[in-house]
Amino acid sequence: MTHSGDREAYLRLLSQHYPTIREASAQIIHLRAVLGLPKGTEHFLSDLHGEHAAFLHMLHNASGVIKSKIRDLYQNMLPAHERDLLCTLVYYPEEKLALLRRQGVLCDEWYRITLYRLIEVCRLLSGKYTRVHIREALPDDLGGVLEELLARDDSRDKQAYYEEIMRSILETGQGDAMIVALSRTIQYLAIDRLHIIGDIYDRGPRADLILDALIGYHQVDVQWGNHDIVWMGAAALCEACIAQVVVTSVKYGNLDTLEVGYGISLRPLATMAMEVYADDPCDAFRPHENGEALQEDEMQIARMHKAAAVLEFKLEGQLIARHPEYGMEDRRLLHRVDPAAGTVRIGERTVPLRSCRFPTVDWNDPYALSPQEREVMDRLVTAFAHSEKLQRHVRFLYSAGSMYLRCNGNLLYHGCIPLTPEGDFAPIPLPCAGGEAPPVGPEAIDRADRLARQGFFARAGSRARMDGQDFLWYLGCGPYSPLFGKDRMATFERCFVADRETWKETKNLYYSLLDDEKMARRILAAFGLSPDRGHIVNGHVPVQLKKGESPVKANGRLLVIDGGLSRAYQPVTGIAGYTLIFNSHELSLVAHQPFESTARAITEEQDIHSVQTVVEKMPRRLLVSDTDQGDELRGRIADLEELLCAYREGRVKEARAGR
C-alpha cells in the first residue's frame, strides 16, 4: 500500500506536468474523450524466418487492409488498374514515382489528382484517431501542410486557401515529398499495433532487414521464438549459440544475414573447413533447399557445415555437462561413438554412422576443441561481440520482446506452455533455492524470461551472466523450453546417422491438445485472462492447410498463425503466411499467397493475393475503454482527479499565473 507521504510526493511531481487546475482539467477531458474512440487495429504475424521482401510488403499494404480501403472509396469511380496504381504508390512511393517519371507520366494535373486521392484515403483511415495521434504520424517538415489538407472543410470561405496550398505544393516542387509523406502516413494509420509472434531469424535471406523495419515501427512487440533466442544467445556470446547460428546459416546456404547484414565473416571457418575436411565428401552436409538461389560453392558450404556442426556438438556437450539439471545427457553423443566400429550408441541402440571422419576429435577427450577450432571460435566470438548492428537488434528484441504477452484479453506466445505426460504444467529447469519446488506455468515462464535477460545484461564474467548464457541455449532446444516444445533436437543423428528412426523428435503433449478447449481455457485462466473472451495466439508449428488443417483450434480459443511465410515451408502449408487482424469489429484471419518479388510489385503493380475469413464478430464495436490502454487511461484520469482535489483542498499549490 502506498503511504500518504509517498502519494503527496507523487502528486507534487504530477503537478509539474499539470501546474494549474485548468491544465489538469483539460487533460482529464481529453483522456475521457479518448476512451470513447474505436479500438485501434492490431496485426499479428508469426514465423517470418528472414523473408524480408514478403514481410515488408505485408507491412506496406497492411496485409491487404489498404487495398480494401481504396476499393471501398473508389470501386465505383476508378477502374481496377487505377486503383492498383494508387495502392502501389502507397506501398512503394519513392520507387513508383521514379518509374513513372522515367515513363513520362508525371505532370501537374497528375500530381493534383493523385494528391487529392491520397488525402481521401488518409482521411478515411484517420477517422478513429485523435488529432494528436494523427500529428504523430505526420512528418515534421510537411506535417502542418498535411494537417490542414486532412482537416479540410468545403466551405466557400476557405476554398481559395486550399487551392493555394495545392498550387504552392506543385510550384515549389514538393509533389513527390507530399506523396511520400501521405503514403507513409496511410501505412502508419492502417496498423495501430504490430505483434510478431516469434521466429524472425533463420532460413530466409535477410532477417536483419526485418529488424531494421521493426526498430523504426511506431508500436510493436515481439514474443521470442526458438530461432530468435539462439541469435540472442549468440549476441550474448554463448559459444554454443554462436555455433548453432552458424550451423543453421550454412545448412540453408544463407550467409547474407551473417556476412552482409551483420558483417560477421565466416572466412576463418571456411579456411579451417577446407584444410581439415579437404578429402571429405560431406554428403550429409550439403545445403538444404530454402527457396533462394545458392550464391556460394555447394562443396565449400558442405565442408563449412560439417566443421561448424562438430564445433556445435562439442560446445553443447560441454554445456550439458555443466547443467545436469537440464536432463539432456542423452544429447551428448560424441563420447558414445566407437570410431573403430563406425557406430554410435543412441539410447539403448547402437547404430552405424554414415561417416566416421572426425579429424578434429580427440577420442580421449571428445568434447575438447582442437587448436584450430579454438582459434575459429575465438574469432567468431570477437566478430559477434563487435557487430554493432547485431548488438543493436538484440537489444531491441530484449526491450520490445518477452517470452509471452497479455494484450487486450489475448495471450500471445510463440511455442507452447510445456506439459508433463500427465497433462500438468511442466517445471522448467531453473535455478532454485535449496528445497524450493521448481516453478511451473506462468511463474516458471516469468522466471525464464528474467534468466534470459541475465544472460545478456548481467555483469560480464559473473555467475549470473554465464548461467543466463547457457539458459539461452536451453531455451532454443531444451525438452521443456516453452519456445521449443520437443523432447530433443536430433541434429547429430540427421548429420551422421542414416537410420531415420533415430531422427524422431517427439513434440510436447501440448501439441496433441491444440484442439482441446479445456486445455486452452485452463491456460488462459492461469495467465489471468478470461477463458470465455480471451484467445491464445500461437506460432511455431506450420498449419498444413493443404491437408485440411485449420488455424482455428479449441473451438476458437486458440489460433495458430504460422502459415508458412518462409518459402521452405510453403510446400507443406499450401499458402504463404497468415495475418491475424483484431479491429474494433472483429477478429479475422488473412491467408496469403506467395509473394513474387518487390520488383514485380512496383513495375507490374502486383499485390499479394489474400483471402480474409472472420473468426469472431464482436458483440458490439470495441472502444479504447475496452482495451489495456483504456485501463491505463482510467488510472491516469484517477491520478489527475486526485491532483484536482489536492489543488482545491490546498494540499498542492497551483503554479503562479502567467507561467
# chains A, B, ... in the order shown; residues from 1 in each chain; ligands from 1
$ closest_atom_pairs --of "segment 310-422 of chain A" --to "segment 201-224 of chain A" --cutoff "9 Å" --atoms "only C-alpha atoms" --output "tab-separated table"
residue	atom	partner	partner_atom	distance
A:Lys389	CA	A:Asp208	CA	8.4
A:Leu390	CA	A:Asp208	CA	7.9
A:His393	CA	A:Leu211	CA	6.4
A:Phe396	CA	A:Ile215	CA	6.9
A:Leu397	CA	A:Val222	CA	6.9
A:Tyr398	CA	A:Val222	CA	8.9
A:Ser399	CA	A:Asp221	CA	8.8
A:Ala400	CA	A:Asp221	CA	5.0
A:Gly401	CA	A:Val222	CA	4.3
A:Ser402	CA	A:Gln223	CA	5.2
A:Met403	CA	A:Gln223	CA	5.5
A:Tyr404	CA	A:Gln223	CA	5.5
A:Leu405	CA	A:Gln223	CA	7.0
A:Leu412	CA	A:Gln223	CA	7.1
A:Tyr413	CA	A:Gln223	CA	5.7
A:His414	CA	A:Gln223	CA	6.2
A:Gly415	CA	A:Trp224	CA	8.9
$ write_last_selection --atoms "all heavy atoms" --output "compact mmCIF listing (two decimals), in the first residue's frame"
# COMPACT_ATOMS: atom_id res chain seq x y z
N LYS A 389 25.48 -3.68 -35.40
CA LYS A 389 24.09 -3.85 -35.85
C LYS A 389 23.42 -5.04 -35.15
O LYS A 389 22.27 -4.95 -34.72
CB LYS A 389 24.06 -4.05 -37.37
CG LYS A 389 22.67 -4.06 -37.96
CD LYS A 389 22.73 -4.13 -39.49
CE LYS A 389 21.35 -4.12 -40.12
NZ LYS A 389 21.41 -4.23 -41.60
N LEU A 390 24.13 -6.15 -35.02
CA LEU A 390 23.56 -7.31 -34.33
C LEU A 390 23.27 -6.96 -32.87
O LEU A 390 22.19 -7.28 -32.35
CB LEU A 390 24.51 -8.50 -34.40
CG LEU A 390 24.10 -9.72 -33.55
CD1 LEU A 390 22.77 -10.30 -34.02
CD2 LEU A 390 25.18 -10.80 -33.58
N HIS A 393 20.20 -4.83 -32.70
CA HIS A 393 18.99 -5.60 -32.97
C HIS A 393 18.59 -6.46 -31.77
O HIS A 393 17.40 -6.57 -31.43
CB HIS A 393 19.19 -6.48 -34.20
CG HIS A 393 19.12 -5.72 -35.48
ND1 HIS A 393 19.33 -6.31 -36.72
CD2 HIS A 393 18.82 -4.42 -35.75
CE1 HIS A 393 19.19 -5.41 -37.67
NE2 HIS A 393 18.89 -4.26 -37.10
N PHE A 396 17.07 -4.46 -29.07
CA PHE A 396 15.67 -4.19 -29.41
C PHE A 396 14.79 -5.38 -29.06
O PHE A 396 13.69 -5.22 -28.50
CB PHE A 396 15.54 -3.86 -30.90
CG PHE A 396 14.13 -3.94 -31.41
CD1 PHE A 396 13.22 -2.93 -31.16
CD2 PHE A 396 13.70 -5.05 -32.13
CE1 PHE A 396 11.91 -3.01 -31.62
CE2 PHE A 396 12.40 -5.14 -32.59
CZ PHE A 396 11.51 -4.12 -32.33
N LEU A 397 15.26 -6.61 -29.36
CA LEU A 397 14.47 -7.80 -29.03
C LEU A 397 14.25 -7.92 -27.53
O LEU A 397 13.19 -8.38 -27.09
CB LEU A 397 15.16 -9.05 -29.57
CG LEU A 397 15.12 -9.24 -31.09
CD1 LEU A 397 15.96 -10.45 -31.50
CD2 LEU A 397 13.69 -9.40 -31.58
N TYR A 398 15.22 -7.51 -26.74
CA TYR A 398 15.03 -7.53 -25.30
C TYR A 398 14.06 -6.43 -24.85
O TYR A 398 13.21 -6.66 -23.99
CB TYR A 398 16.36 -7.37 -24.57
CG TYR A 398 17.12 -8.67 -24.39
CD1 TYR A 398 18.27 -8.94 -25.11
CD2 TYR A 398 16.66 -9.63 -23.49
CE1 TYR A 398 18.97 -10.13 -24.93
CE2 TYR A 398 17.35 -10.83 -23.30
CZ TYR A 398 18.50 -11.07 -24.03
OH TYR A 398 19.18 -12.26 -23.85
N SER A 399 14.18 -5.23 -25.42
CA SER A 399 13.34 -4.13 -24.95
C SER A 399 11.90 -4.24 -25.44
O SER A 399 10.96 -3.92 -24.71
CB SER A 399 13.93 -2.79 -25.40
OG SER A 399 13.96 -2.69 -26.82
N ALA A 400 11.70 -4.72 -26.66
CA ALA A 400 10.35 -4.84 -27.22
C ALA A 400 9.78 -6.24 -27.08
O ALA A 400 8.62 -6.46 -27.42
CB ALA A 400 10.36 -4.46 -28.71
N GLY A 401 10.58 -7.17 -26.57
CA GLY A 401 10.17 -8.57 -26.58
C GLY A 401 10.06 -9.21 -25.22
O GLY A 401 10.45 -8.63 -24.20
N SER A 402 9.54 -10.42 -25.22
CA SER A 402 9.36 -11.18 -23.99
C SER A 402 8.98 -12.61 -24.35
O SER A 402 8.73 -12.93 -25.52
CB SER A 402 8.27 -10.55 -23.11
OG SER A 402 7.06 -10.43 -23.84
N MET A 403 8.91 -13.47 -23.35
CA MET A 403 8.52 -14.86 -23.57
C MET A 403 7.05 -14.95 -23.98
O MET A 403 6.67 -15.82 -24.76
CB MET A 403 8.73 -15.67 -22.29
CG MET A 403 10.19 -15.80 -21.85
SD MET A 403 11.12 -16.99 -22.83
CE MET A 403 10.42 -18.52 -22.24
N TYR A 404 6.23 -14.07 -23.42
CA TYR A 404 4.80 -14.06 -23.77
C TYR A 404 4.27 -12.66 -23.51
O TYR A 404 4.95 -11.81 -22.91
CB TYR A 404 4.02 -15.09 -22.94
CG TYR A 404 3.88 -14.74 -21.48
CD1 TYR A 404 2.79 -14.01 -21.01
CD2 TYR A 404 4.85 -15.13 -20.55
CE1 TYR A 404 2.67 -13.67 -19.66
CE2 TYR A 404 4.74 -14.81 -19.21
CZ TYR A 404 3.65 -14.08 -18.77
OH TYR A 404 3.53 -13.74 -17.45
N LEU A 405 3.05 -12.41 -23.96
CA LEU A 405 2.42 -11.10 -23.73
C LEU A 405 0.93 -11.29 -23.54
O LEU A 405 0.29 -12.04 -24.28
CB LEU A 405 2.67 -10.19 -24.94
CG LEU A 405 2.07 -8.77 -24.83
CD1 LEU A 405 2.81 -7.95 -23.79
CD2 LEU A 405 2.12 -8.07 -26.19
N LEU A 412 -0.36 -14.11 -26.02
CA LEU A 412 0.49 -14.29 -27.19
C LEU A 412 1.77 -15.00 -26.78
O LEU A 412 2.47 -14.56 -25.87
CB LEU A 412 0.85 -12.93 -27.80
CG LEU A 412 -0.18 -12.12 -28.57
CD1 LEU A 412 -1.49 -11.91 -27.83
CD2 LEU A 412 0.40 -10.76 -28.97
N TYR A 413 2.09 -16.10 -27.44
CA TYR A 413 3.40 -16.73 -27.26
C TYR A 413 3.72 -17.56 -28.50
O TYR A 413 2.85 -17.97 -29.24
CB TYR A 413 3.46 -17.58 -25.99
CG TYR A 413 2.38 -18.63 -25.81
CD1 TYR A 413 2.43 -19.85 -26.48
CD2 TYR A 413 1.32 -18.41 -24.93
CE1 TYR A 413 1.45 -20.82 -26.29
CE2 TYR A 413 0.34 -19.37 -24.73
CZ TYR A 413 0.41 -20.57 -25.42
OH TYR A 413 -0.56 -21.53 -25.23
N HIS A 414 5.02 -17.82 -28.68
CA HIS A 414 5.46 -18.48 -29.90
C HIS A 414 5.28 -19.98 -29.87
O HIS A 414 4.68 -20.56 -30.77
CB HIS A 414 6.94 -18.17 -30.15
CG HIS A 414 7.51 -18.91 -31.32
ND1 HIS A 414 7.20 -18.59 -32.63
CD2 HIS A 414 8.34 -19.99 -31.39
CE1 HIS A 414 7.84 -19.42 -33.44
NE2 HIS A 414 8.53 -20.28 -32.72
N GLY A 415 5.82 -20.64 -28.83
CA GLY A 415 5.91 -22.10 -28.85
C GLY A 415 4.78 -22.81 -28.15
O GLY A 415 3.81 -23.24 -28.78
$ select_by_dssp --residues "segment 64-250 of chain A" --states "alpha helix (DSSP H)" --output "count of residues only"
125
$ residues_around --residues "Ser265 of chain A" --least-positions-apart "2" --cutoff "12 Å" --atoms "only C-alpha atoms" --output "PyMOL selection string"
chain A and resi 246+255-263+267-271+376-377+379-384+386-387
$ closest_residue --among "A:Pro324, A:Gly40, A:Gly144, A:Pro287" --to "Leu189 of chain A" --atoms "only C-alpha atoms"
A:Gly40
$ atom_distance --atom1 "atom CA of Pro594 of chain A" --atom2 "atom CA of Thr88 of chain A"
17.5 Å
